[in-house]
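File shown here: target36.cif, holding mmCIF, C-alpha atoms.
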```
data_entry
loop_
_atom_site.group_PDB
_atom_site.id
_atom_site.type_symbol
_atom_site.label_atom_id
_atom_site.label_comp_id
_atom_site.auth_asym_id
_atom_site.auth_seq_id
_atom_site.Cartn_x
_atom_site.Cartn_y
_atom_site.Cartn_z
ATOM 1 C CA MET A 1 0.000 0.000 0.000
ATOM 2 C CA ALA A 2 2.841 2.407 0.827
ATOM 3 C CA ARG A 3 4.360 1.717 -2.584
ATOM 4 C CA TYR A 4 1.165 2.852 -4.342
ATOM 5 C CA ALA A 5 0.964 5.968 -2.166
ATOM 6 C CA ALA A 6 4.563 6.863 -3.055
ATOM 7 C CA GLN A 7 3.813 6.352 -6.768
ATOM 8 C CA ALA A 8 0.714 8.560 -6.489
ATOM 9 C CA ILE A 9 2.744 11.304 -4.786
ATOM 10 C CA LEU A 10 5.453 11.052 -7.446
ATOM 11 C CA LEU A 11 2.810 11.281 -10.183
ATOM 12 C CA GLY A 12 1.270 14.326 -8.499
ATOM 13 C CA VAL A 13 4.638 16.067 -8.197
ATOM 14 C CA THR A 14 5.438 15.306 -11.842
ATOM 15 C CA VAL A 15 2.098 16.743 -12.986
ATOM 16 C CA ALA A 16 2.600 19.834 -10.815
ATOM 17 C CA ILE A 17 6.089 20.434 -12.173
ATOM 18 C CA THR A 18 5.156 19.953 -15.825
ATOM 19 C CA THR A 19 2.095 22.189 -15.577
ATOM 20 C CA ALA A 20 3.985 24.923 -13.677
ATOM 21 C CA ALA A 21 6.124 25.893 -16.684
ATOM 22 C CA PRO A 22 5.279 29.308 -18.149
ATOM 23 C CA ALA A 23 3.133 29.367 -21.266
ATOM 24 C CA GLY A 24 5.184 28.937 -24.404
ATOM 25 C CA ALA A 25 8.287 27.760 -22.536
ATOM 26 C CA GLN A 26 10.474 25.213 -24.282
ATOM 27 C CA THR A 27 12.018 22.587 -22.062
ATOM 28 C CA TYR A 28 14.221 19.815 -23.369
ATOM 29 C CA ARG A 29 15.785 17.224 -21.142
ATOM 30 C CA LEU A 30 19.413 16.543 -21.877
ATOM 31 C CA ALA A 31 19.328 13.144 -23.563
ATOM 32 C CA ASP A 32 22.284 10.795 -23.844
ATOM 33 C CA HIS A 33 24.563 12.725 -26.180
ATOM 34 C CA ARG A 34 26.939 9.795 -26.667
ATOM 35 C CA ALA A 35 24.314 8.059 -28.793
ATOM 36 C CA TYR A 36 25.132 10.442 -31.675
ATOM 37 C CA SER A 37 28.934 10.492 -31.440
ATOM 38 C CA ARG A 38 29.507 8.761 -34.774
ATOM 39 C CA GLU A 39 26.999 10.918 -36.690
ATOM 40 C CA ILE A 40 28.457 14.111 -35.234
ATOM 41 C CA ALA A 41 32.059 13.095 -35.929
ATOM 42 C CA ASP A 42 31.246 12.039 -39.499
ATOM 43 C CA ALA A 43 29.286 15.207 -40.360
ATOM 44 C CA ALA A 44 31.855 17.486 -38.708
ATOM 45 C CA ALA A 45 34.698 15.903 -40.676
ATOM 46 C CA ARG A 46 32.739 15.802 -43.941
ATOM 47 C CA HIS A 47 31.790 19.503 -43.771
ATOM 48 C CA ALA A 48 34.903 20.869 -42.002
ATOM 49 C CA VAL A 49 33.074 22.173 -38.941
ATOM 50 C CA PRO A 50 34.669 21.739 -35.518
ATOM 51 C CA GLU A 51 33.109 18.737 -33.820
ATOM 52 C CA ARG A 52 32.851 20.605 -30.505
ATOM 53 C CA LEU A 53 30.825 23.322 -32.248
ATOM 54 C CA VAL A 54 28.352 20.732 -33.545
ATOM 55 C CA TRP A 55 28.005 19.328 -30.011
ATOM 56 C CA ALA A 56 27.436 22.862 -28.672
ATOM 57 C CA VAL A 57 24.740 23.688 -31.236
ATOM 58 C CA ILE A 58 22.880 20.411 -30.656
ATOM 59 C CA ARG A 59 23.052 20.870 -26.887
ATOM 60 C CA ALA A 60 21.618 24.404 -27.155
ATOM 61 C CA GLU A 61 19.041 23.500 -29.794
ATOM 62 C CA SER A 62 17.507 20.261 -28.544
ATOM 63 C CA GLY A 63 19.406 18.968 -25.531
ATOM 64 C CA PHE A 64 20.188 15.909 -27.715
ATOM 65 C CA ASP A 65 16.494 14.997 -28.029
ATOM 66 C CA PRO A 66 16.019 13.668 -31.593
ATOM 67 C CA ARG A 67 12.209 14.106 -31.313
ATOM 68 C CA ALA A 68 12.334 17.756 -30.146
ATOM 69 C CA VAL A 69 9.931 20.199 -31.819
ATOM 70 C CA SER A 70 10.075 23.931 -31.083
ATOM 71 C CA ARG A 71 7.140 26.340 -30.840
ATOM 72 C CA GLN A 72 8.097 27.602 -34.305
ATOM 73 C CA GLY A 73 8.134 24.072 -35.759
ATOM 74 C CA ALA A 74 11.878 23.370 -35.880
ATOM 75 C CA ARG A 75 12.557 19.638 -35.640
ATOM 76 C CA GLY A 76 15.118 17.146 -34.473
ATOM 77 C CA LEU A 77 18.549 17.353 -32.916
ATOM 78 C CA MET A 78 19.699 20.472 -34.787
ATOM 79 C CA GLN A 79 16.192 21.973 -34.889
ATOM 80 C CA LEU A 80 15.764 22.330 -38.630
ATOM 81 C CA MET A 81 12.827 24.412 -39.791
ATOM 82 C CA PRO A 82 10.730 22.500 -42.363
ATOM 83 C CA GLU A 83 11.700 24.938 -45.155
ATOM 84 C CA THR A 84 15.414 24.633 -44.345
ATOM 85 C CA ALA A 85 15.160 20.852 -44.110
ATOM 86 C CA ALA A 86 13.440 20.697 -47.505
ATOM 87 C CA MET A 87 16.039 23.016 -49.048
ATOM 88 C CA LEU A 88 18.788 20.724 -47.716
ATOM 89 C CA GLY A 89 17.086 17.572 -49.052
ATOM 90 C CA VAL A 90 16.099 16.137 -45.669
ATOM 91 C CA ARG A 91 13.331 13.554 -45.941
ATOM 92 C CA ASP A 92 12.987 12.844 -42.202
ATOM 93 C CA ALA A 93 14.045 15.656 -39.850
ATOM 94 C CA PHE A 94 13.725 13.255 -36.915
ATOM 95 C CA ASN A 95 16.330 10.895 -38.372
ATOM 96 C CA PRO A 96 19.503 11.772 -36.402
ATOM 97 C CA ARG A 97 21.906 11.066 -39.273
ATOM 98 C CA GLU A 98 19.944 13.179 -41.792
ATOM 99 C CA ASN A 99 19.286 15.959 -39.292
ATOM 100 C CA ILE A 100 22.884 16.252 -38.123
ATOM 101 C CA ASP A 101 24.315 16.127 -41.639
ATOM 102 C CA ALA A 102 21.923 18.815 -42.901
ATOM 103 C CA GLY A 103 22.385 20.980 -39.807
ATOM 104 C CA VAL A 104 26.171 20.831 -40.123
ATOM 105 C CA ARG A 105 25.981 21.614 -43.871
ATOM 106 C CA HIS A 106 23.787 24.609 -43.038
ATOM 107 C CA LEU A 107 26.173 25.717 -40.290
ATOM 108 C CA ARG A 108 29.162 25.405 -42.694
ATOM 109 C CA ALA A 109 27.346 27.586 -45.252
ATOM 110 C CA LEU A 110 26.663 30.225 -42.582
ATOM 111 C CA ILE A 111 30.290 30.178 -41.422
ATOM 112 C CA GLU A 112 31.367 30.800 -45.016
ATOM 113 C CA ARG A 113 28.645 33.412 -45.615
ATOM 114 C CA PHE A 114 29.789 35.407 -42.595
ATOM 115 C CA ARG A 115 33.497 35.035 -43.397
ATOM 116 C CA ASN A 116 34.346 32.754 -40.461
ATOM 117 C CA ASP A 117 32.809 35.085 -37.872
ATOM 118 C CA LEU A 118 31.478 32.415 -35.561
ATOM 119 C CA ARG A 119 29.248 34.781 -33.551
ATOM 120 C CA LEU A 120 27.448 35.886 -36.710
ATOM 121 C CA ALA A 121 27.155 32.337 -38.075
ATOM 122 C CA ILE A 122 25.642 31.133 -34.794
ATOM 123 C CA ALA A 123 23.289 34.134 -34.682
ATOM 124 C CA ALA A 124 22.209 33.364 -38.252
ATOM 125 C CA TYR A 125 21.595 29.718 -37.332
ATOM 126 C CA ASN A 126 19.128 30.977 -34.718
ATOM 127 C CA ALA A 127 17.581 34.102 -36.238
ATOM 128 C CA GLY A 128 18.244 33.589 -39.940
ATOM 129 C CA GLU A 129 20.891 35.094 -42.150
ATOM 130 C CA ARG A 130 18.608 37.899 -43.363
ATOM 131 C CA ALA A 131 18.231 39.211 -39.798
ATOM 132 C CA VAL A 132 22.004 39.145 -39.225
ATOM 133 C CA ALA A 133 22.623 40.929 -42.549
ATOM 134 C CA ALA A 134 19.876 43.492 -41.866
ATOM 135 C CA TYR A 135 21.311 44.407 -38.459
ATOM 136 C CA GLY A 136 24.929 44.163 -39.582
ATOM 137 C CA GLY A 137 25.671 41.901 -36.628
ATOM 138 C CA VAL A 138 23.936 39.826 -33.971
ATOM 139 C CA PRO A 139 20.279 40.934 -34.033
ATOM 140 C CA PRO A 140 18.992 42.643 -30.877
ATOM 141 C CA TYR A 141 16.585 39.794 -30.154
ATOM 142 C CA PRO A 142 17.041 38.601 -26.545
ATOM 143 C CA GLU A 143 16.572 34.956 -27.592
ATOM 144 C CA THR A 144 19.287 35.205 -30.254
ATOM 145 C CA ARG A 145 21.740 37.017 -27.987
ATOM 146 C CA GLU A 146 21.232 34.401 -25.261
ATOM 147 C CA TYR A 147 21.565 31.617 -27.832
ATOM 148 C CA VAL A 148 24.889 32.938 -29.169
ATOM 149 C CA THR A 149 26.252 33.275 -25.628
ATOM 150 C CA GLN A 150 25.074 29.778 -24.715
ATOM 151 C CA VAL A 151 26.503 28.072 -27.812
ATOM 152 C CA LEU A 152 29.849 29.830 -27.417
ATOM 153 C CA ARG A 153 29.944 28.846 -23.737
ATOM 154 C CA PHE A 154 29.178 25.205 -24.587
ATOM 155 C CA TYR A 155 31.783 25.358 -27.362
ATOM 156 C CA GLY A 156 34.373 26.751 -24.969
ATOM 157 C CA THR A 157 35.370 29.753 -27.060
ATOM 158 C CA PRO A 158 38.076 31.873 -25.466
ATOM 159 C CA SER A 159 36.816 35.168 -24.080
ATOM 160 C CA GLY A 160 39.358 37.403 -25.784
ATOM 161 C CA LEU A 161 40.784 36.712 -29.234
ATOM 162 C CA VAL A 162 42.929 39.288 -31.059
ATOM 163 C CA GLU A 163 44.961 38.990 -34.255
ATOM 164 C CA LEU A 164 48.226 40.877 -33.876
ATOM 165 C CA PRO A 165 49.778 42.650 -36.904
ATOM 166 C CA SER A 166 52.400 39.884 -37.251
ATOM 167 C CA GLY A 167 49.762 37.208 -37.947
ATOM 168 C CA VAL A 168 49.997 35.859 -34.415
ATOM 169 C CA TYR A 169 46.809 35.401 -32.413
ATOM 170 C CA ARG A 170 46.560 36.378 -28.755
ATOM 171 C CA ILE A 171 43.905 34.455 -26.814
ATOM 172 C CA THR A 172 42.915 35.547 -23.321
ATOM 173 C CA GLN A 173 41.022 32.686 -21.716
ATOM 174 C CA ARG A 174 38.292 33.138 -19.110
ATOM 175 C CA ASP A 175 40.691 32.278 -16.289
ATOM 176 C CA GLY A 176 43.109 35.018 -17.416
ATOM 177 C CA THR A 177 45.616 32.721 -19.129
ATOM 178 C CA VAL A 178 47.126 34.350 -22.232
ATOM 179 C CA VAL A 179 48.074 32.094 -25.169
ATOM 180 C CA TYR A 180 49.909 33.142 -28.349
ATOM 181 C CA THR A 181 49.558 31.032 -31.489
ATOM 182 C CA ASN A 182 50.040 31.278 -35.239
ATOM 183 C CA ILE A 183 47.215 28.819 -35.919
ATOM 184 C CA PRO A 184 44.183 30.705 -37.275
ATOM 185 C CA PRO A 185 41.072 30.304 -35.101
ATOM 186 C CA VAL A 186 37.653 29.204 -36.366
ATOM 187 C CA ASN A 187 36.093 32.598 -35.686
ATOM 188 C CA ARG A 188 37.585 35.819 -37.043
ATOM 189 C CA PRO A 189 39.259 37.846 -34.294
ATOM 190 C CA ARG A 190 39.323 41.608 -33.975
ATOM 191 C CA ARG A 191 42.577 43.163 -35.198
ATOM 192 C CA ALA A 192 44.981 45.009 -32.938
ATOM 193 C CA GLY A 193 46.967 47.976 -34.188
ATOM 194 C CA GLY A 194 45.547 47.918 -37.676
#
```
Taking this structure as input, can you express it in the form of structure tokens?
Amino acid sequence: MARYAAQAILLGVTVAITTAAPAGAQTYRLADHRAYSREIADAAARHAVPERLVWAVIRAESGFDPRAVSRQGARGLMQLMPETAAMLGVRDAFNPRENIDAGVRHLRALIERFRNDLRLAIAAYNAGERAVAAYGGVPPYPETREYVTQVLRFYGTPSGLVELPSGVYRITQRDGTVVYTNIPPVNRPRRAGG
């Protein structure tokens, strides 16, 4: 009898929690991300997008839930809008392999479109490239600004990245560590002294 009472209480708490979310809120539980390791690695390599960036976008978009659907109708792991999915030749947006491959192809195109400026490419992934072009930068939409910050945090982007006149990059990490490198970063840094 006590077991049934405990189950009834648990059911009541679950109902209370799920109905307490604000109207229109999107909540995704973080699914087992390891299930898609192969698909992510393959698509990242095929389309020359950093694997960690793909992980970061999927985590921000769907929490690794392949059945996720947003209020706007975006579907799957990388939250492809139906029009975008159709344009990219996706037959089943809920198929992880198709969704990831198309999402990474789309992300690669945005990175190229915005000349390797990762902030703008990520903003365009969320708000659309027309909005980024119209505003000449990250649109002033709170959702998009939060999204860019979240993806970059998940990706682990250094906080300060500057290209010095000599072609050397100075990276100031969040903990204050300064690193100098001649290896070009994924996102375009601001220039110092030029």
Step by step, work through what the PyMOL selection byres ((chain A and resi 40) around 8) selects in the shown file, and finish by giving those residues as a count of residues only. 13
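Non-sequential neighbours of Glu83 (chain A) (distance at most 12 Å, separation of 5 or more positions within a chain, all atoms listed in the file) are Gln72, Gly73, Ala74, Arg75, Leu88, Gly89, Val90, Arg91 and Ala93 of chain A.
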7 Å contact set for Gly76 (chain A), all atoms listed in the file, chain neighbours under 3 positions out, as an mmCIF file with C-alpha atoms, keeping the file's coordinate frame:
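Output file selection_23.cif follows:
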```
data_model
loop_
_atom_site.group_PDB
_atom_site.id
_atom_site.type_symbol
_atom_site.label_atom_id
_atom_site.label_comp_id
_atom_site.auth_asym_id
_atom_site.auth_seq_id
_atom_site.Cartn_x
_atom_site.Cartn_y
_atom_site.Cartn_z
ATOM 1 C CA ASP A 65 16.494 14.997 -28.029
ATOM 2 C CA PRO A 66 16.019 13.668 -31.593
ATOM 3 C CA ARG A 67 12.209 14.106 -31.313
ATOM 4 C CA ALA A 68 12.334 17.756 -30.146
ATOM 5 C CA VAL A 69 9.931 20.199 -31.819
ATOM 6 C CA GLN A 79 16.192 21.973 -34.889
ATOM 7 C CA LEU A 80 15.764 22.330 -38.630
ATOM 8 C CA ALA A 93 14.045 15.656 -39.850
ATOM 9 C CA PHE A 94 13.725 13.255 -36.915
ATOM 10 C CA ASN A 99 19.286 15.959 -39.292
#
```
Just the number, please: distance in Å from CA of Arg153 (chain A) to CA of Ser166 (chain A), one decimal.
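Value for the CA of Arg153 (chain A)-CA of Ser166 (chain A) distance: 28.4 Å.
In terms of minimum interatomic distance to Tyr125 (chain A), A:Thr144 ranks closest within A:Thr144, A:Ser70, A:Asn95, A:Thr181, counting only C-alpha atoms.
CA of Gly136 (chain A) is found 23.4 Å from CA of Val104 (chain A).
CA of Ala60 (chain A) to CA of Ala127 (chain A) spans 13.9 Å [interatomic distance, one decimal].
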Nearest-residue call for Val57 (chain A), choices A:Met78, A:Ala109, A:Val179, A:Ala102, using all atoms listed in the file:
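Under the stated criterion, the closest residue is A:Met78.
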Checklist entry - For Ile111 (chain A), which residue among A:Arg59, A:Arg145, A:His47, A:Arg170 is the nearest when counting only C-alpha atoms? => result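 The answer is A:His47, which sits nearest to Ile111 (chain A).
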I need the residue nearest Phe64 (chain A) from this list: A:Pro82, A:Pro50, A:Pro96, A:Gly137. Use all atoms listed in the file for the distance.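 Nearest to Phe64 (chain A): A:Pro96.
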Enclosing box along x, y and z for every listed atom of region 50-55 of chain A, padded 4 Å each side, centre and size in Å, one decimal, as lines of an AutoDock Vina configuration file:
```
center_x = 31.3
center_y = 21.0
center_z = -32.8
size_x = 14.7
size_y = 12.6
size_z = 13.5
```
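Put simply, the PyMOL selection byres ((chain A and resi 113) around 12) in this file takes in His106, Leu107, Arg108, Ala109, Leu110, Ile111, Glu112, Phe114, Arg115, Asn116, Asp117, Leu118, Leu120, Ala121, Ile122, Ala124, Tyr125, Gly128, Glu129, Arg130, Val132 and Ala133 of chain A.
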Slice of the block: region 57-104 of chain A, N, CA and C atoms, as a tab-separated table (two decimals), in the first residue's frame:
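Written output follows (decode.tsv):
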```tsv
chain	number	residue	atom	x	y	z
A	57	VAL	N	25.99	23.29	-30.59
A	57	VAL	CA	24.74	23.69	-31.24
A	57	VAL	C	23.63	22.70	-30.89
A	58	ILE	N	23.91	21.41	-30.97
A	58	ILE	CA	22.88	20.41	-30.66
A	58	ILE	C	22.44	20.54	-29.20
A	59	ARG	N	23.39	20.73	-28.31
A	59	ARG	CA	23.05	20.87	-26.89
A	59	ARG	C	22.14	22.07	-26.67
A	60	ALA	N	22.44	23.20	-27.31
A	60	ALA	CA	21.62	24.40	-27.16
A	60	ALA	C	20.27	24.26	-27.86
A	61	GLU	N	20.27	23.61	-29.01
A	61	GLU	CA	19.04	23.50	-29.79
A	61	GLU	C	18.02	22.52	-29.22
A	62	SER	N	18.47	21.32	-28.90
A	62	SER	CA	17.51	20.26	-28.54
A	62	SER	C	17.85	19.49	-27.29
A	63	GLY	N	19.00	19.77	-26.69
A	63	GLY	CA	19.41	18.97	-25.53
A	63	GLY	C	19.61	17.51	-25.91
A	64	PHE	N	19.95	17.26	-27.18
A	64	PHE	CA	20.19	15.91	-27.72
A	64	PHE	C	18.92	15.06	-27.78
A	65	ASP	N	17.76	15.72	-27.88
A	65	ASP	CA	16.49	15.00	-28.03
A	65	ASP	C	16.15	14.94	-29.52
A	66	PRO	N	16.25	13.76	-30.15
A	66	PRO	CA	16.02	13.67	-31.59
A	66	PRO	C	14.56	13.91	-31.99
A	67	ARG	N	13.64	13.89	-31.03
A	67	ARG	CA	12.21	14.11	-31.31
A	67	ARG	C	11.75	15.52	-30.95
A	68	ALA	N	12.68	16.39	-30.58
A	68	ALA	CA	12.33	17.76	-30.15
A	68	ALA	C	11.65	18.53	-31.27
A	69	VAL	N	10.63	19.30	-30.90
A	69	VAL	CA	9.93	20.20	-31.82
A	69	VAL	C	9.76	21.53	-31.09
A	70	SER	N	10.19	22.62	-31.72
A	70	SER	CA	10.08	23.93	-31.08
A	70	SER	C	8.70	24.52	-31.33
A	71	ARG	N	8.42	25.62	-30.64
A	71	ARG	CA	7.14	26.34	-30.84
A	71	ARG	C	7.00	26.81	-32.28
A	72	GLN	N	8.13	27.12	-32.92
A	72	GLN	CA	8.10	27.60	-34.30
A	72	GLN	C	8.05	26.46	-35.32
A	73	GLY	N	8.22	25.22	-34.86
A	73	GLY	CA	8.13	24.07	-35.76
A	73	GLY	C	9.46	23.46	-36.15
A	74	ALA	N	10.56	23.96	-35.59
A	74	ALA	CA	11.88	23.37	-35.88
A	74	ALA	C	11.91	21.95	-35.31
A	75	ARG	N	12.62	21.06	-36.01
A	75	ARG	CA	12.56	19.64	-35.64
A	75	ARG	C	13.93	18.99	-35.50
A	76	GLY	N	13.96	18.01	-34.59
A	76	GLY	CA	15.12	17.15	-34.47
A	76	GLY	C	16.27	17.72	-33.67
A	77	LEU	N	17.38	17.01	-33.72
A	77	LEU	CA	18.55	17.35	-32.92
A	77	LEU	C	19.06	18.76	-33.18
A	78	MET	N	19.17	19.16	-34.45
A	78	MET	CA	19.70	20.47	-34.79
A	78	MET	C	18.60	21.47	-35.10
A	79	GLN	N	17.35	21.09	-34.77
A	79	GLN	CA	16.19	21.97	-34.89
A	79	GLN	C	16.09	22.64	-36.26
A	80	LEU	N	15.92	21.83	-37.27
A	80	LEU	CA	15.76	22.33	-38.63
A	80	LEU	C	14.32	22.76	-38.87
A	81	MET	N	14.15	23.96	-39.39
A	81	MET	CA	12.83	24.41	-39.79
A	81	MET	C	12.43	23.59	-41.03
A	82	PRO	N	11.15	23.32	-41.22
A	82	PRO	CA	10.73	22.50	-42.36
A	82	PRO	C	11.24	23.03	-43.71
A	83	GLU	N	11.23	24.36	-43.89
A	83	GLU	CA	11.70	24.94	-45.16
A	83	GLU	C	13.20	24.68	-45.35
A	84	THR	N	13.97	24.87	-44.28
A	84	THR	CA	15.41	24.63	-44.34
A	84	THR	C	15.70	23.17	-44.61
A	85	ALA	N	14.98	22.29	-43.91
A	85	ALA	CA	15.16	20.85	-44.11
A	85	ALA	C	14.87	20.47	-45.56
A	86	ALA	N	13.79	21.00	-46.11
A	86	ALA	CA	13.44	20.70	-47.51
A	86	ALA	C	14.52	21.21	-48.46
A	87	MET	N	15.00	22.43	-48.21
A	87	MET	CA	16.04	23.02	-49.05
A	87	MET	C	17.32	22.17	-49.02
A	88	LEU	N	17.59	21.54	-47.88
A	88	LEU	CA	18.79	20.72	-47.72
A	88	LEU	C	18.56	19.26	-48.10
A	89	GLY	N	17.36	18.93	-48.58
A	89	GLY	CA	17.09	17.57	-49.05
A	89	GLY	C	16.81	16.56	-47.96
A	90	VAL	N	16.38	17.03	-46.79
A	90	VAL	CA	16.10	16.14	-45.67
A	90	VAL	C	14.70	15.54	-45.86
A	91	ARG	N	14.63	14.23	-45.82
A	91	ARG	CA	13.33	13.55	-45.94
A	91	ARG	C	12.69	13.34	-44.59
A	92	ASP	N	13.50	13.09	-43.55
A	92	ASP	CA	12.99	12.84	-42.20
A	92	ASP	C	13.83	13.64	-41.20
A	93	ALA	N	13.31	14.78	-40.77
A	93	ALA	CA	14.04	15.66	-39.85
A	93	ALA	C	14.27	15.01	-38.49
A	94	PHE	N	13.54	13.94	-38.19
A	94	PHE	CA	13.72	13.25	-36.91
A	94	PHE	C	14.76	12.14	-37.01
A	95	ASN	N	15.27	11.87	-38.20
A	95	ASN	CA	16.33	10.89	-38.37
A	95	ASN	C	17.64	11.57	-37.97
A	96	PRO	N	18.29	11.09	-36.90
A	96	PRO	CA	19.50	11.77	-36.40
A	96	PRO	C	20.59	11.96	-37.45
A	97	ARG	N	20.84	10.95	-38.27
A	97	ARG	CA	21.91	11.07	-39.27
A	97	ARG	C	21.57	12.17	-40.29
A	98	GLU	N	20.35	12.16	-40.82
A	98	GLU	CA	19.94	13.18	-41.79
A	98	GLU	C	19.95	14.57	-41.17
A	99	ASN	N	19.40	14.68	-39.97
A	99	ASN	CA	19.29	15.96	-39.29
A	99	ASN	C	20.65	16.57	-39.01
A	100	ILE	N	21.55	15.76	-38.46
A	100	ILE	CA	22.88	16.25	-38.12
A	100	ILE	C	23.64	16.65	-39.38
A	101	ASP	N	23.60	15.80	-40.42
A	101	ASP	CA	24.31	16.13	-41.64
A	101	ASP	C	23.80	17.43	-42.24
A	102	ALA	N	22.49	17.60	-42.33
A	102	ALA	CA	21.92	18.81	-42.90
A	102	ALA	C	22.21	20.03	-42.02
A	103	GLY	N	22.10	19.87	-40.71
A	103	GLY	CA	22.38	20.98	-39.81
A	103	GLY	C	23.83	21.43	-39.90
A	104	VAL	N	24.74	20.49	-40.02
A	104	VAL	CA	26.17	20.83	-40.12
A	104	VAL	C	26.45	21.47	-41.49
```
